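K.L.:
I am sharing input.csv, which consists of CSV, C-alpha atoms:
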chain,number,residue,atom,x,y,z
A,16,GLN,CA,79.8,25.1,-3.1
A,17,LEU,CA,76.6,23.0,-3.6
A,18,GLN,CA,73.8,24.4,-1.4
A,19,HIS,CA,70.6,22.8,-2.8
A,20,LEU,CA,70.1,19.1,-3.6
A,21,ASP,CA,66.8,17.5,-4.6
A,22,VAL,CA,66.9,13.8,-5.3
A,23,SER,CA,63.3,13.0,-4.4
A,24,ARG,CA,61.5,10.2,-6.1
A,25,THR,CA,64.6,8.9,-7.9
A,26,GLY,CA,63.7,5.3,-7.2
A,27,ARG,CA,66.4,3.1,-5.7
A,28,LYS,CA,69.2,4.8,-7.6
A,29,VAL,CA,70.3,7.4,-5.0
A,30,THR,CA,71.4,5.8,-1.8
A,31,ASP,CA,73.4,6.4,1.4
A,32,ALA,CA,76.6,6.1,-0.6
A,33,SER,CA,76.2,9.2,-2.7
A,34,ILE,CA,74.4,11.3,0.0
A,35,THR,CA,77.3,10.5,2.4
A,36,VAL,CA,79.8,11.8,-0.2
A,37,VAL,CA,77.8,14.9,-0.8
A,38,ALA,CA,77.8,15.6,2.9
A,39,GLN,CA,81.5,15.1,3.2
A,40,LEU,CA,82.4,17.2,0.2
A,41,CYS,CA,79.7,19.9,0.3
A,42,PRO,CA,79.7,21.4,3.8
A,43,LEU,CA,77.7,24.5,2.6
A,44,LEU,CA,74.6,22.3,1.9
A,45,GLN,CA,71.5,24.1,3.1
A,46,HIS,CA,68.6,22.3,1.3
A,47,LEU,CA,68.2,18.5,1.0
A,48,ASN,CA,65.1,16.7,-0.3
A,49,VAL,CA,65.2,12.9,-0.3
A,50,SER,CA,61.5,12.4,-0.1
A,51,GLY,CA,59.9,9.4,-1.8
A,52,LEU,CA,63.0,7.2,-1.8
A,53,PRO,CA,61.7,3.8,-1.0
A,54,GLY,CA,62.7,1.7,2.1
A,55,SER,CA,64.7,-1.5,2.2
A,56,GLY,CA,67.9,0.2,3.0
A,57,VAL,CA,68.1,2.5,0.1
A,58,LEU,CA,68.5,5.7,2.1
A,59,THR,CA,68.8,5.2,5.9
A,60,ASP,CA,69.9,7.0,9.0
A,61,GLU,CA,73.5,6.6,7.8
A,62,GLY,CA,73.1,9.1,5.0
A,63,ILE,CA,71.2,11.7,7.0
A,64,ALA,CA,73.6,11.3,9.9
A,65,ALA,CA,76.5,12.1,7.5
A,66,VAL,CA,74.6,15.3,6.5
A,67,ALA,CA,74.1,16.2,10.2
A,68,ARG,CA,77.9,15.7,10.9
A,69,HIS,CA,79.2,17.6,7.9
A,70,CYS,CA,76.6,20.2,6.9
A,71,PRO,CA,76.0,22.6,9.9
A,72,GLN,CA,74.3,25.2,7.7
A,73,LEU,CA,71.4,22.9,6.8
A,74,GLN,CA,68.1,24.8,6.7
A,75,HIS,CA,65.7,22.6,4.8
A,76,LEU,CA,65.3,18.8,5.2
A,77,ASP,CA,62.6,16.6,3.7
A,78,VAL,CA,62.8,12.9,4.5
A,79,SER,CA,59.1,12.2,3.9
A,80,ARG,CA,57.9,8.9,2.4
A,81,THR,CA,61.2,7.1,2.9
A,82,GLY,CA,59.8,3.8,3.9
A,83,GLY,CA,60.6,3.8,7.6
A,84,ASP,CA,64.4,3.8,7.1
A,85,ILE,CA,64.8,7.3,8.5
A,86,THR,CA,64.3,7.2,12.3
A,87,ASP,CA,64.8,9.2,15.5
A,88,THR,CA,68.5,8.4,15.4
A,89,SER,CA,69.4,10.7,12.4
A,90,ILE,CA,66.7,13.3,13.0
A,91,THR,CA,68.1,13.8,16.6
A,92,MET,CA,71.6,14.2,15.1
A,93,VAL,CA,70.3,16.9,12.8
A,94,ALA,CA,68.7,18.6,15.8
A,95,HIS,CA,72.0,18.6,17.7
A,96,ARG,CA,74.2,19.7,14.8
A,97,CYS,CA,72.1,21.8,12.5
A,98,PRO,CA,70.9,24.8,14.6
A,99,GLN,CA,69.9,26.8,11.5
A,100,LEU,CA,67.2,24.3,10.5
A,101,GLN,CA,64.0,26.1,9.4
A,102,HIS,CA,62.0,23.4,7.5
A,103,LEU,CA,61.5,19.8,8.5
A,104,ASP,CA,59.2,17.3,6.8
A,105,VAL,CA,59.1,13.8,8.4
A,106,SER,CA,55.6,12.9,7.1
A,107,TYR,CA,54.9,9.2,6.2
A,108,THR,CA,57.9,7.9,8.0
A,109,SER,CA,56.1,4.7,9.2
A,110,GLY,CA,56.2,5.6,12.9
A,111,LYS,CA,60.0,5.7,13.1
A,112,VAL,CA,60.1,9.4,13.8
A,113,THR,CA,58.7,10.1,17.3
A,114,ASP,CA,58.3,12.6,20.1
A,115,ALA,CA,61.9,12.0,21.0
A,116,SER,CA,63.5,13.5,17.9
A,117,ILE,CA,60.8,16.2,17.4
A,118,THR,CA,61.5,17.4,20.9
A,119,ALA,CA,65.2,17.4,20.2
A,120,VAL,CA,64.5,19.5,17.0
A,121,ALA,CA,62.6,22.0,19.1
A,122,GLN,CA,65.4,22.2,21.6
A,123,GLY,CA,68.2,22.5,19.0
A,124,CYS,CA,66.6,24.4,16.2
A,125,PRO,CA,64.9,27.6,17.5
A,126,GLN,CA,64.6,29.1,13.9
A,127,LEU,CA,62.2,26.3,12.9
A,128,GLN,CA,59.4,27.7,10.7
A,129,HIS,CA,57.9,24.7,8.9
A,130,LEU,CA,57.1,21.3,10.5
A,131,ASP,CA,55.2,18.5,8.8
A,132,VAL,CA,54.6,15.4,11.0
A,133,SER,CA,51.5,14.2,9.2
A,134,ARG,CA,50.9,10.4,9.0
A,135,THR,CA,53.5,9.5,11.6
A,136,GLY,CA,51.3,7.1,13.4
A,137,ARG,CA,50.8,7.5,17.1
A,138,LYS,CA,54.4,8.5,17.6
A,139,VAL,CA,54.2,12.3,17.5
A,140,THR,CA,51.9,13.6,20.3
A,141,ASP,CA,50.9,16.6,22.3
A,142,ALA,CA,54.2,16.2,24.2
A,143,SER,CA,56.5,17.2,21.4
A,144,ILE,CA,54.2,19.6,19.7
A,145,THR,CA,53.9,21.6,22.9
A,146,VAL,CA,57.7,21.8,23.2
A,147,VAL,CA,57.9,22.9,19.6
A,148,ALA,CA,55.4,25.6,20.3
A,149,GLN,CA,57.3,26.8,23.4
A,150,LEU,CA,60.7,26.8,21.8
A,151,CYS,CA,60.1,27.7,18.2
A,152,PRO,CA,58.1,30.9,18.2
A,153,LEU,CA,58.8,31.6,14.5
A,154,LEU,CA,56.8,28.6,13.5
A,155,GLN,CA,54.6,29.5,10.4
A,156,HIS,CA,53.6,26.1,9.0
A,157,LEU,CA,52.3,23.1,11.0
A,158,ASN,CA,50.8,19.9,9.5
A,159,VAL,CA,49.6,17.3,11.9
A,160,SER,CA,47.1,15.7,9.6
A,161,GLY,CA,46.4,12.0,9.8
A,162,LEU,CA,47.5,11.6,13.4
A,163,PRO,CA,44.9,9.1,14.8
A,164,GLY,CA,42.6,9.9,17.7
A,165,SER,CA,42.6,8.4,21.2
A,166,GLY,CA,44.5,11.3,22.7
A,167,VAL,CA,47.6,11.3,20.5
A,168,LEU,CA,47.3,14.9,19.4
A,169,THR,CA,44.6,17.0,21.1
A,170,ASP,CA,43.5,20.5,21.8
A,171,GLU,CA,46.4,20.7,24.2
A,172,GLY,CA,49.0,20.7,21.5
A,173,ILE,CA,47.3,23.0,19.1
A,174,ALA,CA,46.4,25.4,22.0
A,175,ALA,CA,50.1,25.6,22.8
A,176,VAL,CA,50.9,26.5,19.2
A,177,ALA,CA,48.2,29.2,19.4
A,178,ARG,CA,49.7,30.6,22.6
A,179,HIS,CA,53.4,30.7,21.5
A,180,CYS,CA,53.4,31.0,17.7
A,181,PRO,CA,51.7,34.2,16.7
A,182,GLN,CA,53.2,34.1,13.1
A,183,LEU,CA,51.4,30.9,12.3
A,184,GLN,CA,50.2,31.0,8.7
A,185,HIS,CA,49.4,27.4,7.8
A,186,LEU,CA,47.6,24.8,10.0
A,187,ASP,CA,46.4,21.4,8.9
A,188,VAL,CA,44.6,19.3,11.6
A,189,SER,CA,42.6,17.2,9.2
A,190,ARG,CA,41.9,13.5,9.9
A,191,THR,CA,42.9,13.8,13.6
A,192,GLY,CA,40.2,11.5,14.9
A,193,GLY,CA,38.0,14.1,16.6
A,194,ASP,CA,40.6,15.2,19.2
A,195,ILE,CA,40.9,18.6,17.7
A,196,THR,CA,37.9,20.7,18.6
A,197,ASP,CA,36.5,24.2,18.6
A,198,THR,CA,38.5,24.9,21.8
A,199,SER,CA,41.9,25.0,20.1
A,200,ILE,CA,40.8,26.3,16.8
A,201,THR,CA,39.2,29.3,18.5
A,202,MET,CA,42.5,29.9,20.3
A,203,VAL,CA,44.2,29.9,17.0
A,204,ALA,CA,41.7,32.4,15.7
A,205,HIS,CA,42.3,34.7,18.6
A,206,ARG,CA,46.1,34.5,18.7
A,207,CYS,CA,47.3,33.9,15.1
A,208,PRO,CA,46.0,36.8,13.0
A,209,GLN,CA,48.4,36.0,10.1
A,210,LEU,CA,46.7,32.6,9.4
A,211,GLN,CA,46.2,32.1,5.7
A,212,HIS,CA,45.5,28.3,5.4
A,213,LEU,CA,43.3,26.2,7.6
A,214,ASP,CA,42.3,22.6,7.0
A,215,VAL,CA,39.9,21.1,9.6
A,216,SER,CA,38.4,18.4,7.3
A,217,TYR,CA,37.5,15.0,8.7
A,218,THR,CA,37.6,16.2,12.3
A,219,SER,CA,34.5,14.0,13.3
A,220,GLY,CA,32.2,17.0,13.8
A,221,LYS,CA,34.2,18.5,16.6
A,222,VAL,CA,35.0,21.7,14.6
A,223,THR,CA,31.8,23.7,14.2
A,224,ASP,CA,30.4,27.1,13.2
A,225,ALA,CA,31.6,28.6,16.4
A,226,SER,CA,35.4,28.3,15.7
A,227,ILE,CA,35.1,28.9,12.0
A,228,THR,CA,33.3,32.1,12.7
A,229,ALA,CA,36.0,33.0,15.2
A,230,VAL,CA,38.6,32.3,12.5
A,231,ALA,CA,36.7,34.6,10.0
A,232,GLN,CA,36.7,37.4,12.6
A,233,GLY,CA,40.3,37.0,13.8
A,234,CYS,CA,42.2,36.0,10.6
A,235,PRO,CA,41.5,38.5,7.8
A,236,GLN,CA,44.4,37.1,5.7
A,237,LEU,CA,42.7,33.7,5.4
A,238,GLN,CA,43.0,32.4,1.8
A,239,HIS,CA,42.3,28.7,2.1
A,240,LEU,CA,39.7,27.0,4.3
A,241,ASP,CA,38.9,23.3,4.1
A,242,VAL,CA,36.0,22.1,6.3
Now that the file is in, can you turn its structure into structure tokens?

P.N.:
Amino acid sequence: QLQHLDVSRTGRKVTDASITVVAQLCPLLQHLNVSGLPGSGVLTDEGIAAVARHCPQLQHLDVSRTGGDITDTSITMVAHRCPQLQHLDVSYTSGKVTDASITAVAQGCPQLQHLDVSRTGRKVTDASITVVAQLCPLLQHLNVSGLPGSGVLTDEGIAAVARHCPQLQHLDVSRTGGDITDTSITMVAHRCPQLQHLDVSYTSGKVTDASITAVAQGCPQLQHLDV
């Protein structure tokens, strides 16, 4: 009847072998955290794919900081087989999780509330974030920090979130290379009144008094502001 398993940061001692057995024998699993398991084949798509195949009730999956061994292959399987997924963290996955699987998650997991794609290189862009916004209106938490500039993630993606996700509470657009500006942050201010946490630090001077004032006016529940 195991529903919650956290094996994060257990070194190289928890691998595909045990995660696969857990998946096969614990079909009620809802929460799995394997973050911080180093690469070099310790935990790979094989283990996460087994979870996708055998654990249809999965709601929370954290594969962050797994050394690039978790890729689009297994995340797409999760998207197709775990429709109740609410929380997904693929941050620091060495560019191996891309628009392809994030779009699949948006299409297959309409209950998604928490998405962290920070530090995923240039592989997660406006394209998938826009689809997430359109298909996951319950989204409350979005972290896109550390996505480099040059048009990877821009006002277009954040504006889509503002338009379609009125329950947004947490938004981190820090270190995005100057592509996030007053334009989209002002839209968030106008359309996401439940916003509680906003991080716009290191945005190359593109977020100014104008949008921060709009946030103050439109988001009375704001508790954390990092500029």

K.L.:
Tell me, as a ChimeraX atom specification, which residues lie within 9 Å of Arg137 (chain A), counting only C-alpha atoms; anything in the same chain fewer than 2 positions away does not count.

P.N.:
/A:110,113,134-135,139-140,162-164,167-168

K.L.:
Could you check the closest approach to Pro152 (chain A) for each of A:Lys138, A:His205, A:Arg68, A:His129 and tell me which residue wins, using only C-alpha atoms?

P.N.:
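Nearest to Pro152 (chain A): A:His129.
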
K.L.:
With distances taken over all atoms listed in the file, which of A:Leu150, A:Ile200, A:Leu130, A:Leu157 is nearest to Glu171 (chain A)?

P.N.:
A:Ile200

K.L.:
A:Leu17, A:Leu76, A:Gly123, A:Val66: which is nearest Thr91 (chain A), counting all atoms listed in the file?

P.N.:
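Using all atoms listed in the file, the shortest distance to Thr91 (chain A) belongs to A:Gly123.
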
K.L.:
Just the number, please: distance in Å from CA of Ile34 (chain A) to CA of Thr81 (chain A), one decimal.

P.N.:
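Atom-to-atom, CA of Ile34 (chain A) to CA of Thr81 (chain A), that is 14.2 Å.
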
K.L.:
Do you know which residues are at most 8 Å from region 217-225 of chain A counting all atoms listed in the file, after dropping those on the same chain fewer than 2 positions away, and could you put them as a ChimeraX atom specification?

P.N.:
/A:188-197,200-201,215,227-229,242

K.L.:
Please identify all polymer residues within 7 Å of Arg24 (chain A), counting only C-alpha atoms, omitting same-chain residues fewer than 2 positions from it, and present them as a list of chain:residue names.

P.N.:
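What passes the distance filter is A:Val22, A:Gly26, A:Ser50, A:Gly51, A:Leu52.
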
K.L.:
At most 12 Å from (40.4, 38.0, 8.7), file frame, only C-alpha atoms: which residues, as a ChimeraX atom specification?

P.N.:
/A:204-205,207-212,227-240

K.L.:
Restricting it to C-alpha atoms, dump the selection as a CSV table (one decimal), in the frame of the given file.

P.N.:
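That gives us out_29.csv:
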chain,number,residue,atom,x,y,z
A,204,ALA,CA,41.7,32.4,15.7
A,205,HIS,CA,42.3,34.7,18.6
A,207,CYS,CA,47.3,33.9,15.1
A,208,PRO,CA,46.0,36.8,13.0
A,209,GLN,CA,48.4,36.0,10.1
A,210,LEU,CA,46.7,32.6,9.4
A,211,GLN,CA,46.2,32.1,5.7
A,212,HIS,CA,45.5,28.3,5.4
A,227,ILE,CA,35.1,28.9,12.0
A,228,THR,CA,33.3,32.1,12.7
A,229,ALA,CA,36.0,33.0,15.2
A,230,VAL,CA,38.6,32.3,12.5
A,231,ALA,CA,36.7,34.6,10.0
A,232,GLN,CA,36.7,37.4,12.6
A,233,GLY,CA,40.3,37.0,13.8
A,234,CYS,CA,42.2,36.0,10.6
A,235,PRO,CA,41.5,38.5,7.8
A,236,GLN,CA,44.4,37.1,5.7
A,237,LEU,CA,42.7,33.7,5.4
A,238,GLN,CA,43.0,32.4,1.8
A,239,HIS,CA,42.3,28.7,2.1
A,240,LEU,CA,39.7,27.0,4.3

K.L.:
Quick one: distance from CA of Leu44 (chain A) to CA of Asp21 (chain A) in Å, one decimal?

P.N.:
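Taking CA of Leu44 (chain A) and CA of Asp21 (chain A), their separation equals 11.2 Å.
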
K.L.:
To one decimal in Å, tell me the separation between CA of Ser55 (chain A) and CA of His102 (chain A).

P.N.:
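We find that CA of Ser55 (chain A) and CA of His102 (chain A) lie 25.6 Å from each other.
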
K.L.:
Excluding Ser199 (chain A) and residues on its chain fewer than 3 positions from it, collect all residues at most 6 Å away from it, counting all atoms listed in the file, and give them as a list in words.

P.N.:
Asp170, Ile173, Ala174 and Met202 of chain A

K.L.:
Between A:Gly62, A:Gly56, A:Gly166, A:Gly161, which residue has the minimum interatomic distance to Ser106 (chain A), considering all atoms listed in the file?

P.N.:
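Checking each of A:Gly62, A:Gly56, A:Gly166, A:Gly161 against Ser106 (chain A), counting all atoms listed in the file, the winner is A:Gly161.
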
K.L.:
Can you work out which one of A:Gln155, A:Pro98, A:Thr198, A:Arg206 has the shortest atom-to-atom distance to Gln182 (chain A), counting only C-alpha atoms?

P.N.:
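Checking each of A:Gln155, A:Pro98, A:Thr198, A:Arg206 against Gln182 (chain A), counting only C-alpha atoms, the winner is A:Gln155.
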
K.L.:
Ile90 (chain A): which residues within 9 Å, counting all atoms listed in the file, same-chain residues fewer than 2 positions away excluded, as JSON, numbers by chain?

P.N.:
{"A": [60, 63, 64, 67, 85, 86, 87, 88, 92, 93, 94, 95, 105, 112, 116, 117, 119, 120]}

K.L.:
From the options A:Val49, A:Ala65, A:Leu127, A:Ala177, which residue's atoms come nearest to Lys28 (chain A), counting only C-alpha atoms?

P.N.:
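Once distances to Lys28 (chain A) are computed over only C-alpha atoms, the minimum belongs to A:Val49.
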
K.L.:
Can you take the partial region 53-64 of chain A, add all heavy atoms, and return it as a compact mmCIF listing (two decimals), in the coordinates of the input?

P.N.:
# COMPACT_ATOMS: atom_id res chain seq x y z
N PRO A 53 62.28 4.90 -1.66
CA PRO A 53 61.70 3.80 -1.00
C PRO A 53 62.56 3.15 0.08
O PRO A 53 63.77 3.40 0.11
CB PRO A 53 61.42 2.77 -2.13
CG PRO A 53 62.44 3.13 -3.15
CD PRO A 53 62.61 4.61 -3.05
N GLY A 54 61.97 2.35 0.95
CA GLY A 54 62.70 1.70 2.10
C GLY A 54 63.63 0.63 1.61
O GLY A 54 64.21 0.66 0.53
N SER A 55 63.79 -0.36 2.47
CA SER A 55 64.70 -1.50 2.20
C SER A 55 66.13 -1.10 2.12
O SER A 55 66.89 -1.63 1.30
CB SER A 55 64.23 -2.24 0.94
OG SER A 55 62.88 -2.63 1.02
N GLY A 56 66.51 -0.13 2.93
CA GLY A 56 67.90 0.20 3.00
C GLY A 56 68.49 1.07 1.95
O GLY A 56 69.71 1.21 1.84
N VAL A 57 67.65 1.67 1.13
CA VAL A 57 68.10 2.50 0.10
C VAL A 57 68.77 3.80 0.64
O VAL A 57 69.95 4.10 0.41
CB VAL A 57 67.02 2.89 -0.93
CG1 VAL A 57 67.49 3.92 -1.94
CG2 VAL A 57 66.55 1.64 -1.65
N LEU A 58 67.97 4.53 1.39
CA LEU A 58 68.50 5.70 2.10
C LEU A 58 68.09 5.50 3.56
O LEU A 58 66.91 5.34 3.88
CB LEU A 58 67.92 7.00 1.57
CG LEU A 58 68.57 8.21 2.26
CD1 LEU A 58 69.94 8.49 1.64
CD2 LEU A 58 67.69 9.43 2.18
N THR A 59 69.06 5.55 4.44
CA THR A 59 68.80 5.20 5.90
C THR A 59 69.38 6.34 6.74
O THR A 59 69.85 7.39 6.27
CB THR A 59 69.49 3.91 6.23
OG1 THR A 59 70.92 4.10 6.27
CG2 THR A 59 69.16 2.81 5.24
N ASP A 60 69.35 6.07 8.04
CA ASP A 60 69.90 7.00 9.00
C ASP A 60 71.40 7.31 8.69
O ASP A 60 71.89 8.39 9.01
CB ASP A 60 69.85 6.41 10.42
CG ASP A 60 68.47 6.54 11.03
OD1 ASP A 60 67.75 7.49 10.68
OD2 ASP A 60 68.11 5.69 11.86
N GLU A 61 72.09 6.37 8.07
CA GLU A 61 73.50 6.60 7.80
C GLU A 61 73.73 7.82 6.92
O GLU A 61 74.60 8.65 7.21
CB GLU A 61 74.07 5.35 7.05
CG GLU A 61 75.54 5.47 6.69
CD GLU A 61 76.06 4.28 5.89
OE1 GLU A 61 75.42 3.21 5.93
OE2 GLU A 61 77.10 4.42 5.21
N GLY A 62 72.94 7.96 5.86
CA GLY A 62 73.10 9.10 5.00
C GLY A 62 72.73 10.43 5.64
O GLY A 62 73.45 11.43 5.52
N ILE A 63 71.61 10.43 6.37
CA ILE A 63 71.20 11.70 7.00
C ILE A 63 72.10 12.03 8.17
O ILE A 63 72.38 13.22 8.42
CB ILE A 63 69.71 11.51 7.51
CG1 ILE A 63 68.79 11.18 6.33
CG2 ILE A 63 69.24 12.78 8.21
CD1 ILE A 63 68.84 12.17 5.17
N ALA A 64 72.64 11.04 8.86
CA ALA A 64 73.60 11.30 9.90
C ALA A 64 74.87 11.95 9.37
O ALA A 64 75.46 12.85 10.00
CB ALA A 64 73.95 10.02 10.68
